[in-house]
file protein-v1.cif (mmCIF, C-alpha atoms; chains and numbers go by the auth columns)
data_work
loop_
_atom_site.group_PDB
_atom_site.id
_atom_site.type_symbol
_atom_site.label_atom_id
_atom_site.label_comp_id
_atom_site.label_asym_id
_atom_site.label_seq_id
_atom_site.Cartn_x
_atom_site.Cartn_y
_atom_site.Cartn_z
_atom_site.B_iso_or_equiv
_atom_site.auth_seq_id
_atom_site.auth_asym_id
ATOM 1 C CA VAL A 1 45.889 27.378 23.081 0.00 280 P
ATOM 2 C CA TYR A 2 46.137 27.530 19.280 0.00 281 P
ATOM 3 C CA LYS A 3 48.718 24.696 19.239 0.00 282 P
ATOM 4 C CA LEU A 4 46.525 22.539 21.481 0.00 283 P
ATOM 5 C CA LEU A 5 43.479 23.080 19.279 0.00 284 P
ATOM 6 C CA LEU A 6 45.536 22.438 16.164 0.00 285 P
ATOM 7 C CA ASN A 7 45.946 18.789 17.214 0.00 286 P
ATOM 8 C CA THR A 8 42.178 18.181 17.160 0.00 287 P
ATOM 9 C CA LEU A 9 40.749 20.781 14.761 0.00 288 P
ATOM 10 C CA SER A 10 41.547 21.726 11.183 0.00 289 P
ATOM 11 C CA LEU A 11 42.477 25.387 11.680 0.00 290 P
ATOM 12 C CA PRO A 12 44.059 27.944 9.329 0.00 291 P
ATOM 13 C CA SER A 13 47.791 28.505 9.784 0.00 292 P
ATOM 14 C CA ILE A 14 49.022 31.377 11.970 0.00 293 P
ATOM 15 C CA SER A 15 50.286 33.225 8.882 0.00 294 P
ATOM 16 C CA THR A 16 46.820 32.944 7.279 0.00 295 P
ATOM 17 C CA LEU A 17 45.133 34.290 10.433 0.00 296 P
ATOM 18 C CA LYS A 18 47.593 37.183 10.588 0.00 297 P
ATOM 19 C CA ARG A 19 46.987 37.970 6.915 0.00 298 P
ATOM 20 C CA LEU A 20 43.198 37.999 7.439 0.00 299 P
ATOM 21 C CA THR A 21 43.215 40.054 10.659 0.00 300 P
ATOM 22 C CA HIS A 22 45.684 42.497 9.109 0.00 301 P
ATOM 23 C CA LYS A 23 42.744 43.808 7.068 0.00 302 P
ATOM 24 C CA PHE A 24 40.905 44.847 10.215 0.00 303 P
ATOM 25 C CA GLU A 25 41.734 48.441 11.122 0.00 304 P
ATOM 26 C CA MET A 26 41.371 48.642 14.898 0.00 305 P
ATOM 27 C CA VAL A 27 42.248 52.323 15.123 0.00 306 P
ATOM 28 C CA PRO A 28 41.122 54.632 17.954 0.00 307 P
ATOM 29 C CA GLY A 29 37.556 55.879 17.633 0.00 308 P
ATOM 30 C CA LEU A 30 34.299 54.388 16.392 0.00 309 P
ATOM 31 C CA ASN A 31 35.029 51.778 13.719 0.00 310 P
ATOM 32 C CA ASP A 32 32.121 51.098 11.352 0.00 311 P
ATOM 33 C CA PHE A 33 33.316 47.576 10.551 0.00 312 P
ATOM 34 C CA LEU A 34 32.885 46.607 14.228 0.00 313 P
ATOM 35 C CA PHE A 35 29.268 47.766 14.179 0.00 314 P
ATOM 36 C CA ASN A 36 28.785 45.834 10.925 0.00 315 P
ATOM 37 C CA ILE A 37 30.084 42.704 12.687 0.00 316 P
ATOM 38 C CA ILE A 38 27.652 43.301 15.576 0.00 317 P
ATOM 39 C CA ASN A 39 24.826 43.777 13.085 0.00 318 P
ATOM 40 C CA TYR A 40 25.687 40.412 11.508 0.00 319 P
ATOM 41 C CA GLU A 41 26.090 38.629 14.870 0.00 320 P
ATOM 42 C CA ILE A 42 22.712 39.755 16.267 0.00 321 P
ATOM 43 C CA LYS A 43 20.733 38.940 13.114 0.00 322 P
ATOM 44 C CA TYR A 44 19.154 35.912 14.783 0.00 323 P
ATOM 45 C CA PHE A 45 19.004 37.304 18.335 0.00 324 P
ATOM 46 C CA THR A 46 15.587 37.426 19.979 0.00 325 P
ATOM 47 C CA ASN A 47 14.467 40.801 21.355 0.00 326 P
ATOM 48 C CA ASN A 48 15.358 39.985 24.967 0.00 327 P
ATOM 49 C CA VAL A 49 18.898 39.031 23.930 0.00 328 P
ATOM 50 C CA LYS A 50 19.301 42.384 22.165 0.00 329 P
ATOM 51 C CA GLU A 51 18.782 44.303 25.411 0.00 330 P
ATOM 52 C CA CYS A 52 22.178 45.533 26.530 0.00 331 P
ATOM 53 C CA ALA A 53 24.104 47.973 28.658 0.00 332 P
ATOM 54 C CA ASP A 54 26.689 50.120 27.314 0.00 333 P
ATOM 55 C CA GLU A 55 39.634 53.377 32.114 0.00 334 P
ATOM 56 C CA MET A 56 42.488 51.803 31.663 0.00 335 P
ATOM 57 C CA ALA A 57 46.030 53.185 32.378 0.00 336 P
ATOM 58 C CA LEU A 58 48.658 53.003 29.639 0.00 337 P
ATOM 59 C CA LYS A 59 52.336 53.719 29.339 0.00 338 P
ATOM 60 C CA SER A 60 52.848 56.588 26.891 0.00 339 P
ATOM 61 C CA ASN A 61 54.163 55.225 23.631 0.00 340 P
ATOM 62 C CA LEU A 62 54.065 56.170 19.954 0.00 341 P
ATOM 63 C CA TYR A 63 54.285 53.797 17.022 0.00 342 P
ATOM 64 C CA TYR A 64 54.168 54.212 13.281 0.00 343 P
ATOM 65 C CA MET A 65 51.387 52.356 11.401 0.00 344 P
ATOM 66 C CA LEU A 66 52.939 51.682 8.034 0.00 345 P
ATOM 67 C CA ASN A 67 49.782 50.801 6.059 0.00 346 P
ATOM 68 C CA LYS A 68 48.068 54.054 7.125 0.00 347 P
ATOM 69 C CA ASP A 69 51.218 56.230 7.161 0.00 348 P
ATOM 70 C CA GLU A 70 50.153 57.476 10.594 0.00 349 P
ATOM 71 C CA ILE A 71 51.655 57.778 14.066 0.00 350 P
ATOM 72 C CA ILE A 72 49.426 56.138 16.714 0.00 351 P
ATOM 73 C CA GLY A 73 49.511 57.087 20.383 0.00 352 P
ATOM 74 C CA PHE A 74 48.447 60.735 20.455 0.00 353 P
ATOM 75 C CA HIS A 75 45.384 62.106 22.251 0.00 354 P
ATOM 76 C CA GLN A 76 42.318 61.691 20.030 0.00 355 P
ATOM 77 C CA THR A 77 38.672 62.579 20.599 0.00 356 P
ATOM 78 C CA ASN A 78 35.750 61.671 18.361 0.00 357 P
ATOM 79 C CA LYS A 79 36.427 64.599 16.025 0.00 358 P
ATOM 80 C CA THR A 80 39.819 66.123 16.901 0.00 359 P
ATOM 81 C CA LYS A 81 43.383 65.030 17.512 0.00 360 P
ATOM 82 C CA THR A 82 46.205 66.744 19.409 0.00 361 P
ATOM 83 C CA TYR A 83 49.882 65.917 19.603 0.00 362 P
ATOM 84 C CA LYS A 84 49.986 65.138 23.318 0.00 363 P
ATOM 85 C CA PRO A 85 51.059 61.515 23.990 0.00 364 P
ATOM 86 C CA ALA A 86 48.157 59.451 25.330 0.00 365 P
ATOM 87 C CA LYS A 87 48.287 58.144 28.909 0.00 366 P
ATOM 88 C CA TYR A 88 44.897 56.431 29.099 0.00 367 P
ATOM 89 C CA ALA A 89 42.575 54.311 26.995 0.00 368 P
ATOM 90 C CA PHE A 90 38.864 55.074 27.179 0.00 369 P
ATOM 91 C CA VAL A 91 37.086 51.819 26.247 0.00 370 P
ATOM 92 C CA LEU A 92 33.391 51.302 25.439 0.00 371 P
ATOM 93 C CA MET A 93 31.765 47.875 25.662 0.00 372 P
ATOM 94 C CA ALA A 94 28.259 46.548 24.983 0.00 373 P
ATOM 95 C CA ARG A 95 27.035 43.783 27.292 0.00 374 P
ATOM 96 C CA GLY A 96 23.874 41.669 27.324 0.00 375 P
ATOM 97 C CA ILE A 97 21.389 42.095 30.183 0.00 376 P
ATOM 98 C CA ASN A 98 19.321 38.912 29.908 0.00 377 P
ATOM 99 C CA ILE A 99 22.006 36.743 28.256 0.00 378 P
ATOM 100 C CA ASN A 100 25.710 36.817 29.137 0.00 379 P
ATOM 101 C CA TRP A 101 27.432 38.286 26.066 0.00 380 P
ATOM 102 C CA LYS A 102 29.792 41.231 25.670 0.00 381 P
ATOM 103 C CA GLN A 103 31.565 43.019 22.849 0.00 382 P
ATOM 104 C CA PRO A 104 34.164 45.825 23.008 0.00 383 P
ATOM 105 C CA ILE A 105 33.008 48.395 20.455 0.00 384 P
ATOM 106 C CA ALA A 106 35.456 51.320 20.551 0.00 385 P
ATOM 107 C CA TYR A 107 38.508 52.740 22.252 0.00 386 P
ATOM 108 C CA PHE A 108 40.045 56.198 22.420 0.00 387 P
ATOM 109 C CA LEU A 109 43.585 57.135 23.401 0.00 388 P
ATOM 110 C CA VAL A 110 43.661 60.217 25.633 0.00 389 P
ATOM 111 C CA SER A 111 46.299 62.343 27.373 0.00 390 P
ATOM 112 C CA SER A 112 43.967 62.836 30.356 0.00 391 P
ATOM 113 C CA SER A 113 40.405 61.798 31.226 0.00 392 P
ATOM 114 C CA TYR A 114 37.732 62.844 28.730 0.00 393 P
ATOM 115 C CA THR A 115 35.564 65.669 29.991 0.00 394 P
ATOM 116 C CA GLY A 116 32.671 67.864 28.884 0.00 395 P
ATOM 117 C CA TYR A 117 31.230 67.735 25.405 0.00 396 P
ATOM 118 C CA ASP A 118 33.948 65.444 23.990 0.00 397 P
ATOM 119 C CA LEU A 119 32.814 62.705 26.370 0.00 398 P
ATOM 120 C CA GLN A 120 29.132 63.424 25.795 0.00 399 P
ATOM 121 C CA ASP A 121 29.563 63.366 22.016 0.00 400 P
ATOM 122 C CA ILE A 122 31.273 59.951 22.121 0.00 401 P
ATOM 123 C CA ILE A 123 28.664 58.405 24.436 0.00 402 P
ATOM 124 C CA PHE A 124 25.673 59.690 22.458 0.00 403 P
ATOM 125 C CA GLU A 125 27.101 58.710 19.060 0.00 404 P
ATOM 126 C CA THR A 126 28.076 55.229 20.287 0.00 405 P
ATOM 127 C CA ILE A 127 24.625 54.539 21.763 0.00 406 P
ATOM 128 C CA GLN A 128 22.938 55.794 18.583 0.00 407 P
ATOM 129 C CA LYS A 129 25.112 53.499 16.449 0.00 408 P
ATOM 130 C CA LEU A 130 24.125 50.526 18.638 0.00 409 P
ATOM 131 C CA PHE A 131 20.460 51.382 18.096 0.00 410 P
ATOM 132 C CA ASN A 132 21.124 51.697 14.361 0.00 411 P
ATOM 133 C CA VAL A 133 22.472 48.123 14.118 0.00 412 P
ATOM 134 C CA GLY A 134 19.462 46.741 16.005 0.00 413 P
ATOM 135 C CA LEU A 135 20.542 46.542 19.646 0.00 414 P
ATOM 136 C CA ASN A 136 18.185 47.832 22.329 0.00 415 P
ATOM 137 C CA VAL A 137 20.329 49.870 24.730 0.00 416 P
ATOM 138 C CA LYS A 138 18.630 50.020 28.131 0.00 417 P
ATOM 139 C CA MET A 139 21.310 51.487 30.372 0.00 418 P
ATOM 140 C CA PHE A 140 24.742 53.105 30.537 0.00 419 P
ATOM 141 C CA ILE A 141 27.147 52.049 33.316 0.00 420 P
ATOM 142 C CA THR A 142 30.348 53.819 34.396 0.00 421 P
ATOM 143 C CA ASP A 143 32.648 54.155 37.365 0.00 422 P
ATOM 144 C CA MET A 144 32.510 57.269 39.556 0.00 423 P
ATOM 145 C CA GLY A 145 35.346 59.220 37.945 0.00 424 P
ATOM 146 C CA SER A 146 34.883 62.985 38.119 0.00 425 P
ATOM 147 C CA ASN A 147 34.460 63.122 34.324 0.00 426 P
ATOM 148 C CA PHE A 148 31.473 60.748 34.498 0.00 427 P
ATOM 149 C CA VAL A 149 29.975 62.526 37.501 0.00 428 P
ATOM 150 C CA ASN A 150 30.159 65.765 35.485 0.00 429 P
ATOM 151 C CA PHE A 151 28.628 64.000 32.472 0.00 430 P
ATOM 152 C CA SER A 152 25.688 62.797 34.609 0.00 431 P
ATOM 153 C CA LYS A 153 25.097 66.378 35.734 0.00 432 P
ATOM 154 C CA ASN A 154 25.331 67.722 32.180 0.00 433 P
ATOM 155 C CA VAL A 155 22.585 65.343 31.016 0.00 434 P
ATOM 156 C CA ASN A 156 20.450 66.133 34.092 0.00 435 P
ATOM 157 C CA VAL A 157 20.598 62.719 35.759 0.00 436 P
ATOM 158 C CA THR A 158 19.264 62.849 39.342 0.00 437 P
ATOM 159 C CA PRO A 159 17.869 60.311 41.862 0.00 438 P
ATOM 160 C CA ASP A 160 14.364 61.371 40.749 0.00 439 P
ATOM 161 C CA ARG A 161 15.322 61.284 37.044 0.00 440 P
ATOM 162 C CA PRO A 162 17.863 58.430 36.740 0.00 441 P
ATOM 163 C CA PHE A 163 18.073 58.528 32.945 0.00 442 P
ATOM 164 C CA PHE A 164 19.072 60.629 29.964 0.00 443 P
ATOM 165 C CA LYS A 165 17.715 60.579 26.436 0.00 444 P
ATOM 166 C CA VAL A 166 19.390 59.719 23.150 0.00 445 P
ATOM 167 C CA GLY A 167 16.832 60.799 20.595 0.00 446 P
ATOM 168 C CA GLU A 168 13.516 59.459 21.913 0.00 447 P
ATOM 169 C CA ASN A 169 15.149 56.590 23.823 0.00 448 P
ATOM 170 C CA LYS A 170 15.522 56.662 27.618 0.00 449 P
ATOM 171 C CA ILE A 171 18.901 55.373 28.833 0.00 450 P
ATOM 172 C CA ILE A 172 19.094 54.511 32.533 0.00 451 P
ATOM 173 C CA TYR A 173 22.378 55.751 34.048 0.00 452 P
ATOM 174 C CA ILE A 174 23.957 53.490 36.688 0.00 453 P
ATOM 175 C CA PHE A 175 27.196 54.046 38.576 0.00 454 P
ATOM 176 C CA ASP A 176 28.916 50.666 38.848 0.00 455 P
ATOM 177 C CA PRO A 177 27.822 49.113 42.222 0.00 456 P
ATOM 178 C CA PRO A 178 31.355 47.919 43.149 0.00 457 P
ATOM 179 C CA HIS A 179 32.565 51.527 42.748 0.00 458 P
ATOM 180 C CA LEU A 180 29.629 52.758 44.837 0.00 459 P
ATOM 181 C CA LEU A 181 30.657 50.346 47.605 0.00 460 P
ATOM 182 C CA LYS A 182 34.277 51.436 47.278 0.00 461 P
ATOM 183 C CA SER A 183 33.340 55.124 47.470 0.00 462 P
ATOM 184 C CA THR A 184 31.083 54.492 50.485 0.00 463 P
ATOM 185 C CA ARG A 185 33.946 52.660 52.196 0.00 464 P
ATOM 186 C CA ASN A 186 36.366 55.520 51.480 0.00 465 P
ATOM 187 C CA MET A 187 33.916 58.089 52.819 0.00 466 P
ATOM 188 C CA PHE A 188 33.397 55.960 55.941 0.00 467 P
ATOM 189 C CA PHE A 189 37.161 55.833 56.525 0.00 468 P
ATOM 190 C CA GLN A 190 37.414 59.624 56.185 0.00 469 P
ATOM 191 C CA HIS A 191 34.240 60.768 57.965 0.00 470 P
ATOM 192 C CA ASN A 192 31.809 59.635 60.646 0.00 471 P
ATOM 193 C CA LEU A 193 28.336 58.537 59.565 0.00 472 P
ATOM 194 C CA LYS A 194 25.183 59.482 61.434 0.00 473 P
ATOM 195 C CA ILE A 195 22.324 56.999 61.202 0.00 474 P
ATOM 196 C CA ASN A 196 19.128 57.472 63.264 0.00 475 P
ATOM 197 C CA ASN A 197 20.983 59.821 65.636 0.00 476 P
ATOM 198 C CA ASN A 198 23.681 57.178 66.205 0.00 477 P
ATOM 199 C CA LEU A 199 27.273 58.082 65.325 0.00 478 P
ATOM 200 C CA ILE A 200 29.072 55.382 63.355 0.00 479 P
ATOM 201 C CA GLU A 201 32.858 55.705 63.492 0.00 480 P
ATOM 202 C CA LYS A 202 35.751 53.906 61.849 0.00 481 P
ATOM 203 C CA LYS A 203 37.213 52.917 65.225 0.00 482 P
ATOM 204 C CA TYR A 204 34.415 50.378 65.763 0.00 483 P
ATOM 205 C CA LEU A 205 35.323 48.610 62.543 0.00 484 P
ATOM 206 C CA VAL A 206 39.021 48.660 63.458 0.00 485 P
#

call {"tool": "encode", "arguments": {"input": "protein-v1.cif", "output": "structure tokens"}}
result
Amino acid sequence: VYKLLLNTLSLPSISTLKRLTHKFEMVPGLNDFLFNIINYEIKYFTNNVKECADEMALKSNLYYMLNKDEIIGFHQTNKTKTYKPAKYAFVLMARGININWKQPIAYFLVSSSYTGYDLQDIIFETIQKLFNVGLNVKMFITDMGSNFVNFSKNVNVTPDRPFFKVGENKIIYIFDPPHLLKSTRNMFFQHNLKINNNLIEKKYLV
């Protein structure tokens, strides 16, 4: 794509781009420079554009980052680091509700799924940072992994109270609808459903 654009646009050379991006430290965790970029990008957003909603498998691998004199690829939470090789990447992304925009904002390398207060600490701090740079976080969306189900229970999310609070701000919690459909399908394949005294079985679908 770069070579195609180079024929029509006056772009910096690849070596110049590499030299510039080399200054960006995209290390695991919450990177302040990313939030500074978001703060700059949304400076001229209208209020409705600022409304937004806040696991990927990896092959275990370690590599040495020369400029930081650090080995990357170990399990790392928001505040602690262990020397277990990471197997997953936990990625957080902000996405517009009224306008179609999205921005990855942080990633964490983990040896197993985040659970408990480590997960809660990351979610709360990330949402607070988004508020601090001027975004209006309305909801938090996840899949239905057991770690997120436990998180929803820890912050007292229920059908009658479908939100949790970060400071004084209400954050609506939504399980991703495609995962809800997938889970409903899986339950239907494993169990019979009873609707209005009628038994619905998998054999009828087959």

call {"tool": "resolve_selection", "arguments": {"input": "protein-v1.cif", "expression": "the PyMOL selection byres ((chain P and resi 441-452) around 9)", "output": "PyMOL selection string"}}
result
chain P and resi 403-404+406-407+416-421+431+434-440+453-454

call {"tool": "write_last_selection", "arguments": {"input": "protein-v1.cif", "atoms": "C-alpha atoms", "output": "mmCIF file, in the coordinates of the input"}}
result
data_model
loop_
_atom_site.group_PDB
_atom_site.id
_atom_site.type_symbol
_atom_site.label_atom_id
_atom_site.label_comp_id
_atom_site.auth_asym_id
_atom_site.auth_seq_id
_atom_site.Cartn_x
_atom_site.Cartn_y
_atom_site.Cartn_z
ATOM 1 C CA PHE P 403 25.673 59.690 22.458
ATOM 2 C CA GLU P 404 27.101 58.710 19.060
ATOM 3 C CA ILE P 406 24.625 54.539 21.763
ATOM 4 C CA GLN P 407 22.938 55.794 18.583
ATOM 5 C CA VAL P 416 20.329 49.870 24.730
ATOM 6 C CA LYS P 417 18.630 50.020 28.131
ATOM 7 C CA MET P 418 21.310 51.487 30.372
ATOM 8 C CA PHE P 419 24.742 53.105 30.537
ATOM 9 C CA ILE P 420 27.147 52.049 33.316
ATOM 10 C CA THR P 421 30.348 53.819 34.396
ATOM 11 C CA SER P 431 25.688 62.797 34.609
ATOM 12 C CA VAL P 434 22.585 65.343 31.016
ATOM 13 C CA ASN P 435 20.450 66.133 34.092
ATOM 14 C CA VAL P 436 20.598 62.719 35.759
ATOM 15 C CA THR P 437 19.264 62.849 39.342
ATOM 16 C CA PRO P 438 17.869 60.311 41.862
ATOM 17 C CA ASP P 439 14.364 61.371 40.749
ATOM 18 C CA ARG P 440 15.322 61.284 37.044
ATOM 19 C CA ILE P 453 23.957 53.490 36.688
ATOM 20 C CA PHE P 454 27.196 54.046 38.576
#

call {"tool": "atom_distance", "arguments": {"input": "protein-v1.cif", "atom1": "atom CA of P:Thr463", "atom2": "atom CA of P:Leu484"}}
result
14.1 Å

call {"tool": "atom_distance", "arguments": {"input": "protein-v1.cif", "atom1": "atom CA of P:Pro383", "atom2": "atom CA of P:Ser292"}}
result
25.7 Å

call {"tool": "atom_distance", "arguments": {"input": "protein-v1.cif", "atom1": "atom CA of P:Asn465", "atom2": "atom CA of P:Met423"}}
result
12.7 Å
